[in-house]
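Heads up, protein_19.tsv below (TSV, C-alpha atoms):
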chain	number	residue	atom	x	y	z
W	24	HIS	CA	33.60	156.50	74.46
W	25	PRO	CA	32.04	159.80	73.28
W	26	ALA	CA	31.48	158.42	69.77
W	27	HIS	CA	29.36	155.58	71.16
W	28	ARG	CA	27.10	157.47	73.56
W	29	ARG	CA	23.29	157.67	73.30
W	30	ARG	CA	23.04	154.14	71.94
W	31	GLY	CA	21.87	152.41	75.11
W	32	HIS	CA	25.20	150.96	76.23
W	33	GLY	CA	24.93	152.53	79.69
W	34	ARG	CA	21.44	151.14	80.23
W	35	ALA	CA	22.62	147.70	79.11
W	36	LEU	CA	25.55	147.73	81.53
W	37	VAL	CA	23.41	148.40	84.61
W	38	PRO	CA	21.81	144.89	84.67
W	39	ALA	CA	25.29	143.40	84.30
W	40	ALA	CA	26.52	145.50	87.21
W	41	LEU	CA	23.52	144.42	89.30
W	42	GLY	CA	24.44	140.81	88.62
W	43	ILE	CA	28.00	141.38	89.80
W	44	ALA	CA	26.79	143.18	92.92
W	45	ARG	CA	24.40	140.30	93.66
W	46	SER	CA	27.19	137.74	93.28
W	47	LEU	CA	29.24	139.69	95.83
W	48	GLY	CA	26.36	139.73	98.31
W	49	HIS	CA	25.70	143.47	98.06
W	50	ASP	CA	22.16	144.76	98.51
W	51	THR	CA	22.82	148.12	96.82
W	52	LEU	CA	24.59	149.03	93.59
W	53	LEU	CA	26.40	152.36	93.99
W	54	LEU	CA	27.14	154.74	91.12
W	55	GLN	CA	29.16	157.94	91.27
W	56	VAL	CA	26.96	160.66	89.79
W	57	PRO	CA	28.67	164.06	89.29
W	58	ALA	CA	26.12	166.63	90.47
W	59	HIS	CA	27.26	169.20	87.89
W	60	LEU	CA	26.61	166.89	84.91
W	61	GLU	CA	22.89	167.10	84.10
W	62	ALA	CA	23.05	164.13	81.71
W	63	SER	CA	24.55	161.90	84.42
W	64	VAL	CA	21.88	162.90	86.93
W	65	SER	CA	19.10	162.32	84.37
W	66	PHE	CA	20.57	158.91	83.48
W	67	ALA	CA	20.71	157.81	87.11
W	68	ARG	CA	17.16	158.96	87.86
W	69	ALA	CA	15.76	157.30	84.74
W	70	LEU	CA	17.15	153.94	85.88
W	71	GLY	CA	15.83	154.26	89.43
W	72	PHE	CA	19.00	155.36	91.21
W	73	ARG	CA	18.53	157.68	94.17
W	74	TYR	CA	21.06	159.69	96.18
W	75	HIS	CA	22.74	157.43	98.74
W	76	SER	CA	25.80	159.15	100.23
W	77	SER	CA	28.85	161.21	99.34
W	78	LEU	CA	32.57	160.62	99.25
W	79	TRP	CA	34.72	163.64	100.10
W	80	LEU	CA	38.21	164.50	98.93
W	81	PHE	CA	40.06	165.92	101.94
W	82	GLU	CA	43.32	167.80	101.61
W	83	LEU	CA	45.99	168.79	104.11
W	84	ALA	CA	47.97	171.86	103.05
W	85	SER	CA	51.74	171.51	103.03
W	86	ASP	CA	52.18	174.22	105.70
W	87	VAL	CA	49.94	172.54	108.32
W	88	THR	CA	51.97	170.96	111.12
W	89	VAL	CA	51.10	167.41	112.17
W	90	PRO	CA	52.76	165.81	115.22
W	91	GLY	CA	54.75	162.62	114.91
W	92	PRO	CA	53.18	159.30	115.96
W	93	THR	CA	53.21	158.14	119.55
W	94	TRP	CA	52.28	154.47	119.40
W	95	PRO	CA	50.04	153.08	122.18
W	96	ARG	CA	51.70	150.75	124.66
W	97	GLY	CA	51.33	147.07	123.96
W	98	TYR	CA	51.71	147.34	120.19
W	99	ALA	CA	54.51	147.03	117.68
W	100	VAL	CA	54.61	148.73	114.28
W	101	ARG	CA	56.53	147.56	111.23
W	102	ALA	CA	56.68	147.88	107.47
W	103	LEU	CA	54.98	145.28	105.34
W	104	SER	CA	57.38	142.42	104.66
W	105	ARG	CA	58.05	141.48	101.04
W	106	ASP	CA	57.29	137.86	101.97
W	107	GLU	CA	54.20	138.79	104.03
W	108	ASP	CA	51.41	136.21	104.13
W	109	LEU	CA	49.13	137.92	101.60
W	110	GLY	CA	46.04	136.02	102.70
W	111	ARG	CA	46.47	137.22	106.28
W	112	TYR	CA	47.06	140.82	105.13
W	113	VAL	CA	44.00	140.85	102.84
W	114	ALA	CA	41.91	139.32	105.62
W	115	LEU	CA	42.96	142.22	107.85
W	116	MET	CA	42.01	144.75	105.17
W	117	ASN	CA	38.57	143.24	104.68
W	118	ALA	CA	37.89	142.81	108.40
W	119	THR	CA	38.73	146.44	109.20
W	120	PHE	CA	36.38	147.70	106.47
W	121	ALA	CA	33.56	145.19	107.04
W	122	ASP	CA	31.43	147.81	108.82
W	123	HIS	CA	32.34	150.64	106.44
W	124	PRO	CA	29.40	152.92	105.47
W	125	THR	CA	29.65	151.67	101.87
W	126	PRO	CA	30.78	148.18	100.81
W	127	VAL	CA	34.55	147.84	100.48
W	128	ALA	CA	36.39	144.57	99.90
W	129	TRP	CA	39.58	143.31	98.28
W	130	THR	CA	40.70	139.97	96.86
W	131	GLU	CA	44.18	138.47	97.08
W	132	ALA	CA	44.46	138.72	93.29
W	133	VAL	CA	43.79	142.46	93.29
W	134	VAL	CA	46.19	143.15	96.15
W	135	ALA	CA	48.88	140.94	94.60
W	136	ARG	CA	48.60	142.90	91.35
W	137	VAL	CA	48.97	146.23	93.18
W	138	HIS	CA	51.99	144.91	95.07
W	139	GLY	CA	53.52	143.84	91.79
W	140	LEU	CA	53.45	147.34	90.26
W	141	ALA	CA	56.77	149.13	89.83
W	142	MET	CA	55.54	152.07	91.93
W	143	PHE	CA	54.64	149.89	94.95
W	144	ASP	CA	57.00	150.09	97.92
W	145	PRO	CA	56.30	148.00	101.06
W	146	GLU	CA	57.90	150.81	103.07
W	147	ASP	CA	54.74	152.82	102.29
W	148	VAL	CA	52.71	150.33	104.35
W	149	ARG	CA	52.66	150.01	108.11
W	150	VAL	CA	51.04	147.15	109.98
W	151	VAL	CA	50.37	147.05	113.71
W	152	THR	CA	50.63	143.91	115.83
W	153	PRO	CA	50.36	143.20	119.56
W	154	ASP	CA	53.74	143.07	121.29
W	155	GLY	CA	55.36	139.66	120.89
W	156	ARG	CA	52.89	138.53	118.18
W	157	PRO	CA	54.38	139.84	114.90
W	158	ASP	CA	52.05	137.78	112.72
W	159	ASP	CA	48.83	138.87	114.44
W	160	LEU	CA	47.86	141.90	112.32
W	161	VAL	CA	45.36	144.28	113.95
W	162	ALA	CA	45.72	147.56	112.02
W	163	PHE	CA	47.36	148.98	108.90
W	164	THR	CA	47.77	151.98	106.63
W	165	ARG	CA	49.02	152.36	103.08
W	166	VAL	CA	50.17	155.62	101.48
W	167	GLU	CA	51.76	156.63	98.19
W	168	ILE	CA	53.16	159.60	96.27
W	169	TRP	CA	51.52	160.93	93.12
W	170	ASN	CA	53.89	162.69	90.74
W	171	GLU	CA	52.06	164.49	87.92
W	172	PRO	CA	54.25	166.30	85.37
W	173	GLY	CA	54.48	169.98	86.22
W	174	ASP	CA	52.71	169.62	89.58
W	175	GLU	CA	54.00	169.49	93.13
W	176	PRO	CA	54.19	165.87	94.38
W	177	THR	CA	51.01	164.97	96.26
W	178	GLY	CA	50.76	162.46	99.07
W	179	TRP	CA	47.80	160.09	99.13
W	180	VAL	CA	46.54	158.12	102.13
W	181	ASN	CA	44.95	155.05	100.56
W	182	GLN	CA	43.55	153.30	103.61
W	183	ILE	CA	43.66	153.32	107.38
W	184	GLY	CA	42.08	150.27	109.00
W	185	VAL	CA	41.81	149.07	112.60
W	186	LEU	CA	40.09	145.89	113.75
W	187	PRO	CA	37.00	146.66	115.89
W	188	GLY	CA	38.50	145.07	119.00
W	189	HIS	CA	41.48	147.44	118.88
W	190	ARG	CA	39.69	150.71	118.18
W	191	GLY	CA	39.52	153.56	120.64
W	192	ARG	CA	43.22	153.23	121.54
W	193	GLY	CA	44.63	155.81	119.14
W	194	LEU	CA	45.95	153.43	116.49
W	195	GLY	CA	44.11	155.13	113.62
W	196	ARG	CA	45.28	158.55	114.76
W	197	GLU	CA	48.91	157.50	115.01
W	198	LEU	CA	48.81	155.71	111.67
W	199	LEU	CA	47.49	158.90	110.08
W	200	ARG	CA	50.29	160.93	111.65
W	201	TRP	CA	52.87	158.41	110.51
W	202	GLY	CA	51.46	158.53	106.98
W	203	VAL	CA	51.59	162.32	106.72
W	204	LEU	CA	55.17	162.54	108.01
W	205	HIS	CA	56.30	159.62	105.85
W	206	LEU	CA	54.82	161.25	102.73
W	207	ARG	CA	56.39	164.59	103.53
W	208	ALA	CA	59.74	162.92	104.04
W	209	ARG	CA	59.36	161.52	100.55
W	210	GLY	CA	58.78	165.02	99.16
W	211	ALA	CA	55.01	165.40	99.20
W	212	GLY	CA	53.49	168.86	99.38
W	213	PRO	CA	49.75	168.55	100.06
W	214	VAL	CA	48.39	165.26	101.37
W	215	GLN	CA	45.01	163.98	100.23
W	216	LEU	CA	42.61	161.21	101.16
W	217	ALA	CA	39.03	160.18	100.43
W	218	VAL	CA	36.48	159.72	103.20
W	219	GLU	CA	32.81	158.81	103.30
W	220	ALA	CA	30.51	161.58	104.48
W	221	LEU	CA	28.77	158.97	106.67
W	222	ASN	CA	31.99	158.09	108.50
W	223	ASP	CA	31.72	160.55	111.37
W	224	ARG	CA	34.66	159.13	113.33
W	225	ALA	CA	37.04	159.46	110.39
W	226	LEU	CA	35.74	162.92	109.47
W	227	ASP	CA	36.43	164.16	112.99
W	228	LEU	CA	39.93	162.65	113.02
W	229	TYR	CA	40.93	164.24	109.71
W	230	ARG	CA	39.47	167.64	110.53
W	231	ARG	CA	41.28	167.71	113.89
W	232	HIS	CA	44.55	167.23	112.00
W	233	GLY	CA	43.90	170.08	109.60
W	234	PHE	CA	42.39	168.27	106.60
W	235	ARG	CA	39.70	170.22	104.76
W	236	ALA	CA	37.05	169.02	102.30
W	237	SER	CA	37.69	170.14	98.73
W	238	VAL	CA	35.59	167.98	96.37
W	239	GLU	CA	32.33	166.06	96.84
W	240	TRP	CA	31.65	162.86	94.89
W	241	PRO	CA	27.93	161.98	95.28
W	242	HIS	CA	27.01	158.29	95.17
W	243	TRP	CA	23.56	157.17	94.08
W	244	GLY	CA	22.18	153.74	94.92
W	245	LEU	CA	19.95	151.16	93.23
W	246	THR	CA	18.55	148.20	95.15
W	247	VAL	CA	19.91	144.87	93.96
W	248	PRO	CA	16.95	142.52	93.27
W	249	ASP	CA	16.97	139.03	94.75
W	250	ASP	CA	15.66	137.47	91.53
W	251	PRO	CA	18.41	137.36	88.87
W	252	GLY	CA	15.73	137.57	86.18
W	253	ILE	CA	14.74	141.05	87.32
W	254	ALA	CA	18.17	142.46	86.52
As structure tokens, the full file:
Amino acid sequence: HPAHRRRGHGRALVPAALGIARSLGHDTLLLQVPAHLEASVSFARALGFRYHSSLWLFELASDVTVPGPTWPRGYAVRALSRDEDLGRYVALMNATFADHPTPVAWTEAVVARVHGLAMFDPEDVRVVTPDGRPDDLVAFTRVEIWNEPGDEPTGWVNQIGVLPGHRGRGLGRELLRWGVLHLRARGAGPVQLAVEALNDRALDLYRRHGFRASVEWPHWGLTVPDDPGIA
């Protein structure tokens, strides 16, 4: 809170954050540091943070045409079931992002809470399974509509994930196409997503479909010490 700044609260929170990162098995604590805010940059440097990577906001203009999905042979695609095995779905999410350039992971509790929100619609999720094995999840995407008062509805692609053994077959591409068309059918104008600057494969996919970078969110990193006493 602005009224409580410059009293050392930020410095005190960093050791706590390092402890959480250590408990999760992370070797680096990442902090978003807006490059245009000198105080934020000075704060990060003073505590030993150094530039690590950037997250980009990509946007697809409403007048850019995207083809409909053509699903690869041997796969079936369906909406998320309301009685889906949540543990299996969360396991898929975590497995597809295990080799992500920056650590990404979800718990069943977090996903259950999101699914319990009034705005959540399982029709905004697609899961991919091999033909004849409807419970064997190998890929997924989740999208949603953002409606801000006075603004055109904006589509948001939350995640696209494909298990390593099923990559290179076009599943990610077709899930992206499905997401864009689904969002536009729901009234979205522009469609946005966030992508790591280190994720070359995803960057190429989005650019080939007309997405353009609009905002950069720099992430700075601090090494998580092995000794809890150091934090």
Write out as JSON an axis-aligned box for range 172-185 of chain W: all of its atoms listed in the file, 8 Å added on each side, centre and edge lengths in Å with one decimal.
{"center_x": 48.1, "center_y": 159.5, "center_z": 99.0, "size_x": 28.7, "size_y": 36.9, "size_z": 43.2}
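CA of Ala135 in chain W sits 15.8 Å away from CA of Asn181 in chain W.
Shortest atom-to-atom contact with Val37 in chain W among W:Leu245, W:Leu226, W:Val161, W:Met142: W:Leu245, counting all atoms listed in the file.
Separating CA of Glu82 in chain W from CA of Thr51 in chain W is a distance of 28.8 Å.
Compared by their closest atoms to Gly244 in chain W, and using all atoms listed in the file, the residues W:Asp106, W:Pro126, W:Asn170, W:Ala132 rank with W:Pro126 nearest.
The smallest atom-to-atom distance between Val203 in chain W and any of W:Val166, W:Leu109, W:Leu186, W:Leu52, using only C-alpha atoms, is found for W:Val166.
Surrounding residues of (47.7, 146.3, 93.5) at most 12 Å away are W:Leu109, W:Val113, W:Trp129, W:Thr130, W:Glu131, W:Ala132, W:Val133, W:Val134, W:Ala135, W:Arg136, W:Val137, W:His138, W:Gly139, W:Leu140, W:Ala141, W:Met142, W:Phe143, W:Asp144, W:Pro145, W:Arg165, W:Asn181 (based on only C-alpha atoms).
Near Leu78 in chain W, within a cut-off of 6 Å and counting only C-alpha atoms, sit the residues Val218, Glu219, Ala220, Glu239 and Trp240 of chain W, with same-chain residues fewer than 4 positions away left out.
Put simply, CA of Asp250 in chain W is 21.0 Å away from CA of Ala69 in chain W.
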Ranking W:Ile168, W:Gly91, W:Leu221, W:Thr177 by minimum distance to Leu204 in chain W and counting all atoms listed in the file, which one comes first? W:Gly91
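The closest residue to Pro95 in chain W, picked from W:Ser77, W:Thr152, W:Gln182, W:Ser63 and counting only C-alpha atoms, is W:Thr152.
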Range 38-41 of chain W environment, 7 Å, all atoms listed in the file, sequence neighbours closer than 3 positions dropped, as a ChimeraX atom specification: /W:35,44-45,52,247,254
Could you tell me, as number ranges by chain, which residues have any atom at most 9 Å from (54.9, 148.9, 108.3), counting only C-alpha atoms? W: 100-104, 145-151, 163-165
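Among the candidates W:Asp249, W:His49, W:Trp243, W:Val214, the residue lying nearest to Val87 in chain W is W:Val214 (atoms considered: only C-alpha atoms).
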Exercise: Ala211 in chain W partners within 12 Å, only C-alpha atoms, chain neighbours under 6 positions left out, as a PDB file with C-alpha atoms, in the frame of the given file:
ATOM      1  CA  LEU W  83      45.990 168.790 104.110  1.00  0.00           C
ATOM      2  CA  ALA W  84      47.970 171.860 103.050  1.00  0.00           C
ATOM      3  CA  SER W  85      51.740 171.510 103.030  1.00  0.00           C
ATOM      4  CA  ASP W  86      52.180 174.220 105.700  1.00  0.00           C
ATOM      5  CA  VAL W 166      50.170 155.620 101.480  1.00  0.00           C
ATOM      6  CA  GLU W 167      51.760 156.630  98.190  1.00  0.00           C
ATOM      7  CA  ILE W 168      53.160 159.600  96.270  1.00  0.00           C
ATOM      8  CA  TRP W 169      51.520 160.930  93.120  1.00  0.00           C
ATOM      9  CA  ASN W 170      53.890 162.690  90.740  1.00  0.00           C
ATOM     10  CA  GLU W 171      52.060 164.490  87.920  1.00  0.00           C
ATOM     11  CA  ASP W 174      52.710 169.620  89.580  1.00  0.00           C
ATOM     12  CA  GLU W 175      54.000 169.490  93.130  1.00  0.00           C
ATOM     13  CA  PRO W 176      54.190 165.870  94.380  1.00  0.00           C
ATOM     14  CA  THR W 177      51.010 164.970  96.260  1.00  0.00           C
ATOM     15  CA  GLY W 178      50.760 162.460  99.070  1.00  0.00           C
ATOM     16  CA  TRP W 179      47.800 160.090  99.130  1.00  0.00           C
ATOM     17  CA  VAL W 180      46.540 158.120 102.130  1.00  0.00           C
ATOM     18  CA  GLY W 202      51.460 158.530 106.980  1.00  0.00           C
ATOM     19  CA  VAL W 203      51.590 162.320 106.720  1.00  0.00           C
ATOM     20  CA  LEU W 204      55.170 162.540 108.010  1.00  0.00           C
ATOM     21  CA  HIS W 205      56.300 159.620 105.850  1.00  0.00           C
TER      22      HIS W 205
END
Excluding Leu60 in chain W and its own-chain neighbours fewer than 5 positions away, which residues fall within 12 Å of it when counting all atoms listed in the file? Please give them as number ranges by chain. W: 55, 65-67, 240-241
Residues from the last selection, C-alpha atoms, saved as a compact mmCIF listing (two decimals), in the coordinates of the input:
# COMPACT_ATOMS: atom_id res chain seq x y z
CA GLN W 55 29.16 157.94 91.27
CA SER W 65 19.10 162.32 84.37
CA PHE W 66 20.57 158.91 83.48
CA ALA W 67 20.71 157.81 87.11
CA TRP W 240 31.65 162.86 94.89
CA PRO W 241 27.93 161.98 95.28
Neighbouring residues of Arg96 in chain W were defined as those with any atom within 10 Å, considering only C-alpha atoms; residues of the same chain fewer than 3 positions away were excluded. Please report them as a ChimeraX atom specification. /W:93,99,153-154,192
